[in-house]
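So this block is coords-v5.txt, compact mmCIF, C-alpha atoms:
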```txt
# COMPACT_ATOMS: atom_id res chain seq x y z
CA MET A 1 3.51 -0.16 4.35
CA ASP A 2 5.63 -3.14 5.33
CA SER A 3 6.03 -4.06 9.00
CA ILE A 4 9.67 -2.94 9.24
CA THR A 5 8.80 0.53 7.98
CA GLN A 6 5.90 0.83 10.40
CA ALA A 7 8.08 -0.30 13.31
CA VAL A 8 10.94 2.13 12.64
CA LEU A 9 8.51 4.96 11.84
CA GLY A 10 6.82 4.37 15.19
CA GLY A 11 10.22 4.13 16.84
CA ALA A 12 11.34 7.45 15.36
CA VAL A 13 8.12 9.22 16.33
CA GLY A 14 8.20 7.70 19.81
CA TYR A 15 11.79 8.80 20.35
CA ALA A 16 11.11 12.30 19.02
CA VAL A 17 8.34 12.83 21.61
CA LEU A 18 9.48 10.69 24.55
CA GLY A 19 13.23 10.37 24.01
CA HIS A 20 14.21 13.22 26.35
CA LYS A 21 12.15 11.62 29.11
CA LEU A 22 12.58 7.88 28.57
CA GLY A 23 15.76 7.58 26.53
CA LYS A 24 16.27 4.45 24.41
CA ARG A 25 13.09 2.86 25.73
CA ALA A 26 11.10 5.45 23.81
CA ALA A 27 12.27 3.98 20.50
CA LEU A 28 11.33 0.45 21.54
CA ILE A 29 7.94 1.56 22.81
CA GLY A 30 7.32 3.48 19.59
CA ALA A 31 8.27 0.47 17.46
CA GLY A 32 5.92 -1.77 19.41
CA PHE A 33 2.93 0.51 19.20
CA GLY A 34 3.84 1.37 15.61
CA THR A 35 3.00 -2.19 14.58
CA LEU A 36 -0.05 -2.57 16.85
CA PRO A 37 -2.74 -1.51 14.30
CA ASP A 38 -1.66 -4.28 11.92
CA LEU A 39 -2.53 -6.98 14.43
CA ASP A 40 -5.97 -7.00 12.78
CA VAL A 41 -4.43 -9.50 10.34
CA LEU A 42 -4.79 -12.08 13.13
CA ILE A 43 -8.58 -11.73 13.06
CA ASP A 44 -10.65 -14.07 10.88
CA PHE A 45 -13.33 -11.90 9.32
CA GLY A 46 -15.07 -14.84 7.64
CA GLY A 47 -13.13 -15.66 4.48
CA PRO A 48 -10.11 -14.78 2.32
CA ILE A 49 -11.77 -11.81 0.62
CA GLU A 50 -13.18 -10.52 3.91
CA ASN A 51 -9.79 -10.90 5.61
CA MET A 52 -8.21 -8.84 2.84
CA THR A 53 -10.82 -6.09 2.66
CA TYR A 54 -11.38 -5.63 6.41
CA HIS A 55 -7.63 -5.28 7.03
CA ARG A 56 -6.69 -1.65 7.69
CA GLY A 57 -10.17 -1.10 9.03
CA VAL A 58 -11.25 -0.32 12.61
CA SER A 59 -7.72 -0.46 14.06
CA HIS A 60 -6.57 2.15 11.53
CA SER A 61 -9.36 4.64 12.24
CA ILE A 62 -8.07 7.94 13.58
CA PHE A 63 -11.23 8.20 15.69
CA VAL A 64 -10.79 4.77 17.28
CA GLN A 65 -7.14 5.58 17.89
CA ALA A 66 -8.14 8.82 19.62
CA LEU A 67 -10.47 6.86 21.92
CA VAL A 68 -7.94 4.19 22.94
CA THR A 69 -4.95 6.51 23.31
CA PRO A 70 -5.86 7.90 26.79
CA LEU A 71 -6.54 4.39 28.08
CA ILE A 72 -3.20 3.08 26.86
CA ALA A 73 -1.42 6.15 28.24
CA TRP A 74 -3.03 5.53 31.64
CA LEU A 75 -1.91 1.90 31.53
CA MET A 76 1.64 2.87 30.60
CA LEU A 77 1.83 5.21 33.59
CA ARG A 78 1.05 2.29 35.91
CA PHE A 79 4.74 1.43 35.46
CA LYS A 80 7.12 3.57 37.49
CA ALA A 81 9.75 3.57 34.74
CA HIS A 82 7.33 5.39 32.43
CA ARG A 83 6.39 8.19 34.85
CA PRO A 84 9.08 10.70 33.82
CA ALA A 85 6.73 11.50 30.92
CA SER A 86 3.43 13.15 31.77
CA PHE A 87 0.01 11.77 30.86
CA LEU A 88 -0.43 14.42 28.16
CA ARG A 89 2.98 13.66 26.66
CA TRP A 90 2.11 9.97 26.58
CA CYS A 91 -1.17 10.74 24.84
CA TRP A 92 0.59 12.96 22.32
CA ALA A 93 3.25 10.33 21.60
CA LEU A 94 0.86 7.39 21.30
CA TYR A 95 -1.62 9.20 19.09
CA LEU A 96 1.14 10.42 16.76
CA ILE A 97 2.49 6.86 16.53
CA PHE A 98 -0.94 5.47 15.66
CA VAL A 99 -1.89 8.23 13.23
CA THR A 100 1.42 8.19 11.35
CA HIS A 101 0.95 4.44 10.92
CA SER A 102 -2.48 4.98 9.36
CA LEU A 103 -1.32 7.90 7.23
CA ALA A 104 1.66 5.91 5.94
CA ASP A 105 -0.74 3.17 4.88
CA THR A 106 -2.88 5.67 2.96
CA PHE A 107 0.20 6.51 0.90
CA THR A 108 0.05 3.05 -0.69
CA VAL A 109 -2.54 1.87 -3.20
CA TYR A 110 -4.19 -0.70 -0.91
CA GLY A 111 -6.59 1.64 0.89
CA THR A 112 -7.11 2.45 4.57
CA GLN A 113 -10.39 3.08 6.42
CA ILE A 114 -9.05 6.01 8.42
CA LEU A 115 -12.46 7.66 8.91
CA TRP A 116 -14.35 4.61 10.20
CA PRO A 117 -17.15 4.65 11.47
CA LEU A 118 -18.13 7.79 9.54
CA THR A 119 -17.32 5.87 6.36
CA ASP A 120 -15.71 2.54 5.53
CA PHE A 121 -14.28 3.93 2.28
CA PRO A 122 -10.66 2.73 1.85
CA PHE A 123 -8.80 6.00 1.32
CA SER A 124 -5.51 5.98 -0.57
CA HIS A 125 -3.19 8.53 -2.10
CA SER A 126 -0.79 6.17 -3.78
CA ILE A 127 2.63 7.81 -3.62
CA LEU A 128 4.72 4.95 -2.17
CA PHE A 129 5.28 1.34 -3.14
CA ILE A 130 4.60 -1.04 -0.27
CA VAL A 131 8.39 -1.25 0.26
CA ASP A 132 10.51 1.79 -0.52
CA PRO A 133 14.11 1.86 0.78
CA THR A 134 14.48 5.61 0.24
CA TYR A 135 11.66 6.20 2.69
CA THR A 136 12.56 3.44 5.15
CA VAL A 137 16.37 3.47 5.43
CA PRO A 138 16.62 6.93 7.09
CA LEU A 139 14.07 5.78 9.67
CA ILE A 140 16.12 2.63 10.31
CA VAL A 141 19.19 4.82 10.86
CA ALA A 142 17.23 6.93 13.33
CA PHE A 143 15.96 3.86 15.18
CA VAL A 144 19.41 2.30 15.47
CA GLY A 145 20.89 5.69 16.33
CA ALA A 146 18.66 5.91 19.39
CA PHE A 147 20.68 3.03 20.86
CA ILE A 148 24.22 3.88 19.73
CA PHE A 149 24.37 7.69 19.79
CA LYS A 150 24.38 10.04 22.72
CA PRO A 151 20.92 11.48 23.42
CA ASP A 152 21.40 14.89 21.78
CA ARG A 153 22.89 13.41 18.63
CA ALA A 154 20.27 10.67 18.52
CA MET A 155 17.54 13.31 18.69
CA ARG A 156 19.14 15.29 15.84
CA VAL A 157 19.40 12.16 13.70
CA THR A 158 15.77 11.28 14.46
CA THR A 159 14.62 14.77 13.52
CA MET A 160 16.61 14.69 10.29
CA ALA A 161 15.19 11.28 9.38
CA LEU A 162 11.60 12.40 9.95
CA VAL A 163 12.17 15.58 7.94
CA PHE A 164 13.78 13.61 5.11
CA SER A 165 11.03 10.97 4.99
CA THR A 166 8.36 13.67 4.98
CA GLY A 167 10.20 15.55 2.24
CA TYR A 168 10.32 12.34 0.22
CA LEU A 169 6.53 12.16 0.43
CA VAL A 170 6.34 15.70 -0.96
CA TRP A 171 8.64 14.72 -3.83
CA SER A 172 6.59 11.62 -4.57
CA SER A 173 3.36 13.61 -4.62
CA ALA A 174 4.92 15.99 -7.15
CA ALA A 175 6.15 13.04 -9.23
CA LYS A 176 2.67 11.49 -9.18
CA HIS A 177 1.14 14.76 -10.39
CA SER A 178 3.62 14.89 -13.27
CA ILE A 179 3.05 11.23 -14.19
CA ASP A 180 -0.73 11.59 -14.13
CA ALA A 181 -0.55 14.58 -16.46
CA LYS A 182 1.66 12.68 -18.93
CA VAL A 183 -0.53 9.59 -18.84
CA ALA A 184 -3.72 11.64 -19.29
CA ALA A 185 -2.21 13.26 -22.39
CA ALA A 186 -1.05 9.88 -23.74
CA LEU A 187 -4.48 8.32 -23.20
CA THR A 188 -6.18 11.24 -24.93
CA GLU A 189 -3.84 10.94 -27.91
CA ARG A 190 -4.87 7.29 -28.28
CA GLY A 191 -8.58 7.95 -27.89
CA ILE A 192 -8.87 6.25 -24.51
CA ALA A 193 -11.29 7.75 -21.99
CA PRO A 194 -11.08 5.59 -18.85
CA GLU A 195 -13.84 5.42 -16.28
CA VAL A 196 -11.33 4.46 -13.58
CA TYR A 197 -7.67 5.42 -13.28
CA GLU A 198 -4.99 4.92 -10.62
CA SER A 199 -1.22 5.37 -10.60
CA THR A 200 1.28 3.92 -8.16
CA PRO A 201 5.09 3.79 -7.98
CA ALA A 202 6.84 0.76 -9.42
CA PRO A 203 8.69 -1.50 -6.95
CA LEU A 204 11.29 0.15 -4.70
CA ASN A 205 11.30 3.62 -6.30
CA THR A 206 9.29 6.71 -7.23
CA LEU A 207 10.93 7.34 -10.62
CA LEU A 208 8.96 4.72 -12.58
CA TRP A 209 5.20 4.50 -12.19
CA ARG A 210 2.62 1.88 -13.11
CA SER A 211 -0.95 2.96 -13.78
CA VAL A 212 -4.19 1.10 -14.40
CA ALA A 213 -6.93 2.58 -16.58
CA VAL A 214 -10.28 0.82 -16.96
CA GLN A 215 -12.59 1.38 -19.92
CA GLY A 216 -15.54 -0.95 -20.27
CA ASP A 217 -14.41 -4.56 -20.50
CA GLN A 218 -10.81 -3.58 -21.16
CA TYR A 219 -8.06 -2.30 -18.93
CA TYR A 220 -4.69 -0.80 -19.67
CA GLU A 221 -1.43 -1.37 -17.85
CA ILE A 222 0.57 1.82 -18.23
CA TRP A 223 4.25 2.47 -17.55
CA ALA A 224 5.72 5.95 -17.37
CA SER A 225 8.98 7.36 -16.02
CA VAL A 226 9.47 10.84 -14.61
CA PHE A 227 11.98 11.28 -17.46
CA ASP A 228 9.47 10.30 -20.19
CA GLU A 229 7.89 12.55 -22.74
CA VAL A 230 4.21 11.97 -23.47
CA GLN A 231 5.03 9.85 -26.53
CA ASP A 232 7.24 7.59 -24.39
CA VAL A 233 4.39 6.42 -22.14
CA GLN A 234 3.75 2.71 -22.67
CA ILE A 235 0.11 1.57 -22.74
CA TYR A 236 -0.76 -2.13 -22.97
CA PRO A 237 -4.40 -3.30 -23.35
CA TYR A 238 -5.83 -6.44 -21.73
CA PRO A 239 -9.36 -7.90 -21.43
CA ARG A 240 -11.21 -7.81 -18.12
CA ASN A 241 -13.41 -10.83 -19.03
CA GLN A 242 -16.29 -9.66 -16.87
CA ALA A 243 -18.65 -12.17 -18.54
CA LEU A 244 -16.83 -14.94 -16.65
CA LEU A 245 -18.36 -13.56 -13.45
CA ASP A 246 -21.95 -13.35 -14.68
CA THR A 247 -23.27 -16.23 -12.59
CA VAL A 248 -21.54 -15.15 -9.36
CA ARG A 249 -21.48 -11.37 -9.81
CA ASP A 250 -24.06 -10.68 -7.08
CA HIS A 251 -22.43 -12.78 -4.38
CA PRO A 252 -21.55 -10.56 -1.38
CA SER A 253 -17.85 -11.51 -1.47
CA ILE A 254 -17.56 -10.66 -5.16
CA GLU A 255 -19.43 -7.40 -4.64
CA ARG A 256 -17.16 -6.49 -1.75
CA LEU A 257 -14.00 -7.18 -3.75
CA ARG A 258 -15.29 -5.12 -6.68
CA TRP A 259 -16.03 -2.29 -4.22
CA PHE A 260 -12.66 -2.57 -2.51
CA THR A 261 -10.72 -2.50 -5.78
CA LYS A 262 -12.68 0.59 -6.87
CA GLY A 263 -13.47 -1.14 -10.16
CA GLN A 264 -9.87 -2.16 -10.86
CA TYR A 265 -10.28 -5.91 -11.24
CA LYS A 266 -10.31 -8.57 -13.93
CA ALA A 267 -11.53 -12.15 -14.29
CA TRP A 268 -9.53 -14.90 -15.92
CA GLN A 269 -9.77 -18.64 -16.36
CA SER A 270 -7.19 -21.31 -15.67
CA GLU A 271 -8.29 -24.88 -16.43
CA ASN A 272 -11.69 -25.23 -14.72
CA LYS A 273 -11.25 -22.32 -12.32
CA VAL A 274 -12.28 -18.67 -12.74
CA TYR A 275 -10.28 -16.16 -10.74
CA ILE A 276 -10.77 -12.51 -9.93
CA SER A 277 -7.68 -10.33 -9.50
CA ASP A 278 -7.04 -6.92 -7.94
CA LEU A 279 -5.25 -5.02 -10.73
CA ARG A 280 -3.71 -2.44 -8.43
CA MET A 281 -1.20 -4.65 -6.62
CA GLY A 282 1.33 -6.49 -8.75
CA VAL A 283 1.93 -6.46 -12.49
CA GLU A 284 0.18 -8.16 -15.36
CA GLY A 285 0.76 -11.90 -15.03
CA ALA A 286 1.65 -11.70 -11.33
CA TYR A 287 -0.99 -10.01 -9.20
CA VAL A 288 -0.79 -10.21 -5.42
CA PHE A 289 -4.48 -10.83 -4.73
CA ASN A 290 -6.25 -13.50 -6.84
CA PHE A 291 -9.33 -15.33 -5.57
CA GLU A 292 -11.13 -18.36 -6.92
CA ALA A 293 -14.51 -16.92 -7.88
CA ALA A 294 -16.09 -19.84 -9.74
CA THR A 295 -15.60 -23.43 -10.83
CA LEU A 296 -16.51 -24.77 -14.26
CA ASP A 297 -18.05 -28.26 -14.53
CA GLN A 298 -20.55 -30.08 -16.76
CA ASN A 299 -23.37 -28.00 -15.29
CA GLY A 300 -21.64 -24.70 -16.04
CA LEU A 301 -20.18 -22.20 -13.58
CA SER A 302 -20.78 -22.55 -9.86
CA LEU A 303 -19.56 -20.46 -6.94
CA GLY A 304 -15.89 -21.00 -6.10
CA SER A 305 -14.16 -21.40 -2.75
CA PHE A 306 -12.70 -17.85 -2.75
CA GLN A 307 -9.36 -19.30 -1.75
CA GLN A 308 -6.43 -17.09 -2.65
CA LEU A 309 -4.09 -18.08 -5.46
CA GLU A 310 -0.53 -17.00 -4.86
CA GLN A 311 1.41 -15.60 -7.80
CA ARG A 312 5.02 -14.85 -7.01
CA PRO A 313 6.51 -11.82 -8.74
CA ASP A 314 9.50 -12.28 -11.01
CA PHE A 315 12.27 -10.60 -9.06
CA GLY A 316 14.56 -11.20 -12.01
CA SER A 317 12.68 -8.43 -13.82
CA LEU A 318 13.78 -5.75 -11.35
CA GLY A 319 16.75 -5.00 -13.58
CA THR A 320 14.37 -4.45 -16.50
CA LEU A 321 12.26 -2.13 -14.36
CA TRP A 322 15.35 -0.13 -13.44
CA ALA A 323 16.39 0.08 -17.09
CA ARG A 324 12.93 1.33 -18.04
CA ILE A 325 13.34 4.36 -15.79
CA PHE A 326 15.97 5.80 -18.11
CA ASP A 327 15.16 4.09 -21.42
CA PRO A 328 11.63 4.34 -22.85
CA GLN A 329 12.55 1.71 -25.44
CA VAL A 330 12.60 -1.00 -22.77
CA SER A 331 9.32 -2.91 -22.99
CA LEU A 332 7.51 -4.08 -19.87
CA SER A 333 4.59 -5.79 -21.57
CA LEU A 334 3.60 -9.31 -20.53
CA GLU A 335 4.23 -10.62 -24.05
CA ALA A 336 7.72 -9.11 -24.10
CA ARG A 337 8.58 -10.63 -20.73
CA LYS A 338 7.39 -14.06 -21.88
CA ALA A 339 9.37 -13.81 -25.09
CA SER A 340 12.57 -13.05 -23.17
CA HIS A 341 12.37 -16.33 -21.21
```
Written form, structure tokens:
Amino acid sequence: MDSITQAVLGGAVGYAVLGHKLGKRAALIGAGFGTLPDLDVLIDFGGPIENMTYHRGVSHSIFVQALVTPLIAWLMLRFKAHRPASFLRWCWALYLIFVTHSLADTFTVYGTQILWPLTDFPFSHSILFIVDPTYTVPLIVAFVGAFIFKPDRAMRVTTMALVFSTGYLVWSSAAKHSIDAKVAAALTERGIAPEVYESTPAPLNTLLWRSVAVQGDQYYEIWASVFDEVQDVQIYPYPRNQALLDTVRDHPSIERLRWFTKGQYKAWQSENKVYISDLRMGVEGAYVFNFEAATLDQNGLSLGSFQQLEQRPDFGSLGTLWARIFDPQVSLSLEARKASH
């Protein structure tokens, strides 16, 4: 999730557990520790691909968090102002703040290594877009309310916000189940049997969903609304161009990216550069993570620099995305978007 969401989620959890003892400070403390696990982005793990794939690693492990929680609680109690809360209450608050951060991250498609060191598998149950106002705004209200409302009212608002945000996760899980069933039926009707499949909400909502299905050297970008019938599901095929990676396929960085994306990647060429893209984050034509895998010269393909290529999303298409929620005739294919410009 985005940093603002993690901060206000931590603030709400911190206030819910420590608010009666520490007052407004509990929200600030929660917000601070709610962003702490993401400080791993400041670590250089050895390269652009490594920095991407080791993010949400050790610092997001629920076991590591359990180990550091008592130490941090002990340190917090060195300050007299924090002593109204007991050691156990501090441990409970801090661990909940850390764990809810990690769990919130698993609700996005990126992947989180919550069970490290037992496994470094990046777990994800993609039910939220990386930024979702419906989930975040109530938590912002709760965080601000901790400073402007009287304690009892602030606690009620915080409780309501946490209940609402949790209920929204339940709704999104139900929506994902419905979408996956529709998409599975639509793929079957068209004779597509993917080896890999993943669905995730479209930007800023949980009513429209984007899925990726991989079959051999082809992948499908799929759009489906919760209001769609099976025949309304839009499926657009694109090549994966795996042959472009033949000469660099066994490089450890390429292997790690293929592992991290769980097979949802493509290769593509621009001028004399070959890039590899994570298909899960972004839309066709504007993926978030693209890395230079190889360079083409007179001697053929050689290993690239792995530098990341930024592709900015077209925020002007948000209106089209919103229209697609209610109208299955609205096309979201790359070709259609190009033709409209």
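Pairwise distance (CA of Ser165 (chain A), CA of Thr200 (chain A)) equals 17.8 Å.
Using all atoms listed in the file, the contacts of Phe260 (chain A) at a cut-off of 9 Å, with sequence neighbours closer than 5 positions omitted, comprise A:Thr53, A:Tyr110, A:Gly111, A:Phe121, A:Pro122, A:Glu255, A:Asp278.
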Output of the above residues as a CSV table (one decimal), keeping the file's coordinate frame, restricted to C-alpha atoms:
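Below is the file that was written, part.csv:
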```csv
chain,number,residue,atom,x,y,z
A,53,THR,CA,-10.8,-6.1,2.7
A,110,TYR,CA,-4.2,-0.7,-0.9
A,111,GLY,CA,-6.6,1.6,0.9
A,121,PHE,CA,-14.3,3.9,2.3
A,122,PRO,CA,-10.7,2.7,1.8
A,255,GLU,CA,-19.4,-7.4,-4.6
A,278,ASP,CA,-7.0,-6.9,-7.9
```
Surrounding residues of Leu71 (chain A) excluding itself and chain neighbours under 2 positions, 12 Å, all atoms listed in the file, as a PDB file with C-alpha atoms, in the coordinates of the input:
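Written file, out-v3.pdb:
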```pdb
ATOM      1  CA  VAL A  64     -10.790   4.770  17.280  1.00  0.00           C
ATOM      2  CA  GLN A  65      -7.140   5.580  17.890  1.00  0.00           C
ATOM      3  CA  ALA A  66      -8.140   8.820  19.620  1.00  0.00           C
ATOM      4  CA  LEU A  67     -10.470   6.860  21.920  1.00  0.00           C
ATOM      5  CA  VAL A  68      -7.940   4.190  22.940  1.00  0.00           C
ATOM      6  CA  THR A  69      -4.950   6.510  23.310  1.00  0.00           C
ATOM      7  CA  ALA A  73      -1.420   6.150  28.240  1.00  0.00           C
ATOM      8  CA  TRP A  74      -3.030   5.530  31.640  1.00  0.00           C
ATOM      9  CA  LEU A  75      -1.910   1.900  31.530  1.00  0.00           C
ATOM     10  CA  MET A  76       1.640   2.870  30.600  1.00  0.00           C
ATOM     11  CA  LEU A  77       1.830   5.210  33.590  1.00  0.00           C
ATOM     12  CA  ARG A  78       1.050   2.290  35.910  1.00  0.00           C
ATOM     13  CA  PHE A  87       0.010  11.770  30.860  1.00  0.00           C
ATOM     14  CA  LEU A  88      -0.430  14.420  28.160  1.00  0.00           C
ATOM     15  CA  TRP A  90       2.110   9.970  26.580  1.00  0.00           C
ATOM     16  CA  CYS A  91      -1.170  10.740  24.840  1.00  0.00           C
ATOM     17  CA  LEU A  94       0.860   7.390  21.300  1.00  0.00           C
ATOM     18  CA  TYR A  95      -1.620   9.200  19.090  1.00  0.00           C
TER      19      TYR A  95
END
```
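Proximity to region 233-239 of chain A at 6 Å, evaluated using all atoms listed in the file and with sequence-adjacent residues fewer than 6 positions away removed, yields A:Gln218, A:Tyr219, A:Tyr220, A:Glu221, A:Ile222, A:Trp223, A:Ala224.
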Residues from the last selection, C-alpha atoms, saved as a PDB file, in the frame of the given file:
```pdb
ATOM      1  CA  GLN A 218     -10.810  -3.580 -21.160  1.00  0.00           C
ATOM      2  CA  TYR A 219      -8.060  -2.300 -18.930  1.00  0.00           C
ATOM      3  CA  TYR A 220      -4.690  -0.800 -19.670  1.00  0.00           C
ATOM      4  CA  GLU A 221      -1.430  -1.370 -17.850  1.00  0.00           C
ATOM      5  CA  ILE A 222       0.570   1.820 -18.230  1.00  0.00           C
ATOM      6  CA  TRP A 223       4.250   2.470 -17.550  1.00  0.00           C
ATOM      7  CA  ALA A 224       5.720   5.950 -17.370  1.00  0.00           C
TER       8      ALA A 224
END
```
Closest atom pairs, region 44-119 of chain A residues within 12 Å of region 168-179 of chain A, only C-alpha atoms, as a tab-separated table:
```
residue	atom	partner	partner_atom	distance
A:Leu103	CA	A:Leu169	CA	11.2
A:Ala104	CA	A:Leu169	CA	9.7
A:Thr106	CA	A:Leu169	CA	11.7
A:Phe107	CA	A:Leu169	CA	8.5
A:Thr108	CA	A:Leu169	CA	11.2
```
Write out as a ChimeraX atom specification which residues come within 12 Å of Met1 (chain A) when counting all atoms listed in the file, dropping same-chain ones fewer than 6 positions away. /A:7-9,34-35,37-38,56,100-112,124,126-133,135-136,204
Output C-alpha atoms for every residue in the selection just made, as a PDB file, in the coordinates of the input.
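Saved the output as out.pdb:
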```
ATOM      1  CA  ALA A   7       8.080  -0.300  13.310  1.00  0.00           C
ATOM      2  CA  VAL A   8      10.940   2.130  12.640  1.00  0.00           C
ATOM      3  CA  LEU A   9       8.510   4.960  11.840  1.00  0.00           C
ATOM      4  CA  GLY A  34       3.840   1.370  15.610  1.00  0.00           C
ATOM      5  CA  THR A  35       3.000  -2.190  14.580  1.00  0.00           C
ATOM      6  CA  PRO A  37      -2.740  -1.510  14.300  1.00  0.00           C
ATOM      7  CA  ASP A  38      -1.660  -4.280  11.920  1.00  0.00           C
ATOM      8  CA  ARG A  56      -6.690  -1.650   7.690  1.00  0.00           C
ATOM      9  CA  THR A 100       1.420   8.190  11.350  1.00  0.00           C
ATOM     10  CA  HIS A 101       0.950   4.440  10.920  1.00  0.00           C
ATOM     11  CA  SER A 102      -2.480   4.980   9.360  1.00  0.00           C
ATOM     12  CA  LEU A 103      -1.320   7.900   7.230  1.00  0.00           C
ATOM     13  CA  ALA A 104       1.660   5.910   5.940  1.00  0.00           C
ATOM     14  CA  ASP A 105      -0.740   3.170   4.880  1.00  0.00           C
ATOM     15  CA  THR A 106      -2.880   5.670   2.960  1.00  0.00           C
ATOM     16  CA  PHE A 107       0.200   6.510   0.900  1.00  0.00           C
ATOM     17  CA  THR A 108       0.050   3.050  -0.690  1.00  0.00           C
ATOM     18  CA  VAL A 109      -2.540   1.870  -3.200  1.00  0.00           C
ATOM     19  CA  TYR A 110      -4.190  -0.700  -0.910  1.00  0.00           C
ATOM     20  CA  GLY A 111      -6.590   1.640   0.890  1.00  0.00           C
ATOM     21  CA  THR A 112      -7.110   2.450   4.570  1.00  0.00           C
ATOM     22  CA  SER A 124      -5.510   5.980  -0.570  1.00  0.00           C
ATOM     23  CA  SER A 126      -0.790   6.170  -3.780  1.00  0.00           C
ATOM     24  CA  ILE A 127       2.630   7.810  -3.620  1.00  0.00           C
ATOM     25  CA  LEU A 128       4.720   4.950  -2.170  1.00  0.00           C
ATOM     26  CA  PHE A 129       5.280   1.340  -3.140  1.00  0.00           C
ATOM     27  CA  ILE A 130       4.600  -1.040  -0.270  1.00  0.00           C
ATOM     28  CA  VAL A 131       8.390  -1.250   0.260  1.00  0.00           C
ATOM     29  CA  ASP A 132      10.510   1.790  -0.520  1.00  0.00           C
ATOM     30  CA  PRO A 133      14.110   1.860   0.780  1.00  0.00           C
ATOM     31  CA  TYR A 135      11.660   6.200   2.690  1.00  0.00           C
ATOM     32  CA  THR A 136      12.560   3.440   5.150  1.00  0.00           C
ATOM     33  CA  LEU A 204      11.290   0.150  -4.700  1.00  0.00           C
TER      34      LEU A 204
END
```
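You can rank A:Leu18, A:Met52, A:Trp322, A:Ala26 by their closest distance to Phe291 (chain A) using only C-alpha atoms, and at the top of that list sits A:Met52.
Distances here use all atoms listed in the file; by that measure, the residue among A:Ala323, A:Val288, A:Leu207, A:Ala181 closest to Val226 (chain A) is A:Leu207.
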Between CA of Ser225 (chain A) and CA of Leu332 (chain A) lies a distance of 12.2 Å
Long-range neighbours of Leu296 (chain A) as a ChimeraX atom specification, 12 Å cut-off, all atoms listed in the file, 5 positions minimum in chain: /A:244-245,247-248,269-275,301-304
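Between Leu96 (chain A) and the candidates A:Gly11, A:Ala213, A:Gln329, A:Ala243, the tightest atom-to-atom separation, counting all atoms listed in the file, involves A:Gly11.
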Using only C-alpha atoms, which of A:Phe33, A:Tyr287, A:Leu257, A:Leu208 sits nearest Val99 (chain A)? A:Phe33
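Proximity to Leu28 (chain A) was assessed for A:Ala286, A:Val141, A:Ala81, A:Ala146 counting all atoms listed in the file; the smallest distance is recorded for A:Ala146.
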Can you tell me, as lines of an AutoDock Vina configuration file, the centre and edge lengths (Å, one decimal) of the axis-aligned box enclosing all of region 143-151 of chain A's listed atoms after padding each side by 8 Å?
```
center_x = 20.2
center_y = 6.9
center_z = 19.3
size_x = 24.4
size_y = 25.2
size_z = 24.2
```
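The spacing separating CA of Ile4 (chain A) from CA of Gly19 (chain A) amounts to 20.2 Å.
Distances to Asn290 (chain A) were evaluated for A:Pro48, A:Gly145, A:Gly191, A:Pro138 using all atoms listed in the file, and the minimum falls at A:Pro48.
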Could region 79-97 of chain A be written out with C-alpha atoms, as a PDB file, in the first residue's frame, please?
```
ATOM      1  CA  PHE A  79      10.695   7.622  28.274  1.00  0.00           C
ATOM      2  CA  LYS A  80       8.585   8.684  31.244  1.00  0.00           C
ATOM      3  CA  ALA A  81       5.805  10.023  29.019  1.00  0.00           C
ATOM      4  CA  HIS A  82       5.212   6.522  27.638  1.00  0.00           C
ATOM      5  CA  ARG A  83       4.938   4.738  31.002  1.00  0.00           C
ATOM      6  CA  PRO A  84       1.166   5.071  31.467  1.00  0.00           C
ATOM      7  CA  ALA A  85       0.964   2.078  29.097  1.00  0.00           C
ATOM      8  CA  SER A  86       2.319  -1.226  30.364  1.00  0.00           C
ATOM      9  CA  PHE A  87       5.038  -3.253  28.655  1.00  0.00           C
ATOM     10  CA  LEU A  88       2.485  -5.824  27.465  1.00  0.00           C
ATOM     11  CA  ARG A  89       0.219  -3.124  26.058  1.00  0.00           C
ATOM     12  CA  TRP A  90       3.169  -1.625  24.204  1.00  0.00           C
ATOM     13  CA  CYS A  91       4.037  -5.026  22.778  1.00  0.00           C
ATOM     14  CA  TRP A  92       0.451  -5.609  21.714  1.00  0.00           C
ATOM     15  CA  ALA A  93       0.195  -2.184  20.068  1.00  0.00           C
ATOM     16  CA  LEU A  94       3.532  -2.350  18.250  1.00  0.00           C
ATOM     17  CA  TYR A  95       3.027  -5.869  16.955  1.00  0.00           C
ATOM     18  CA  LEU A  96      -0.464  -5.037  15.679  1.00  0.00           C
ATOM     19  CA  ILE A  97       0.925  -1.952  13.927  1.00  0.00           C
TER      20      ILE A  97
END
```
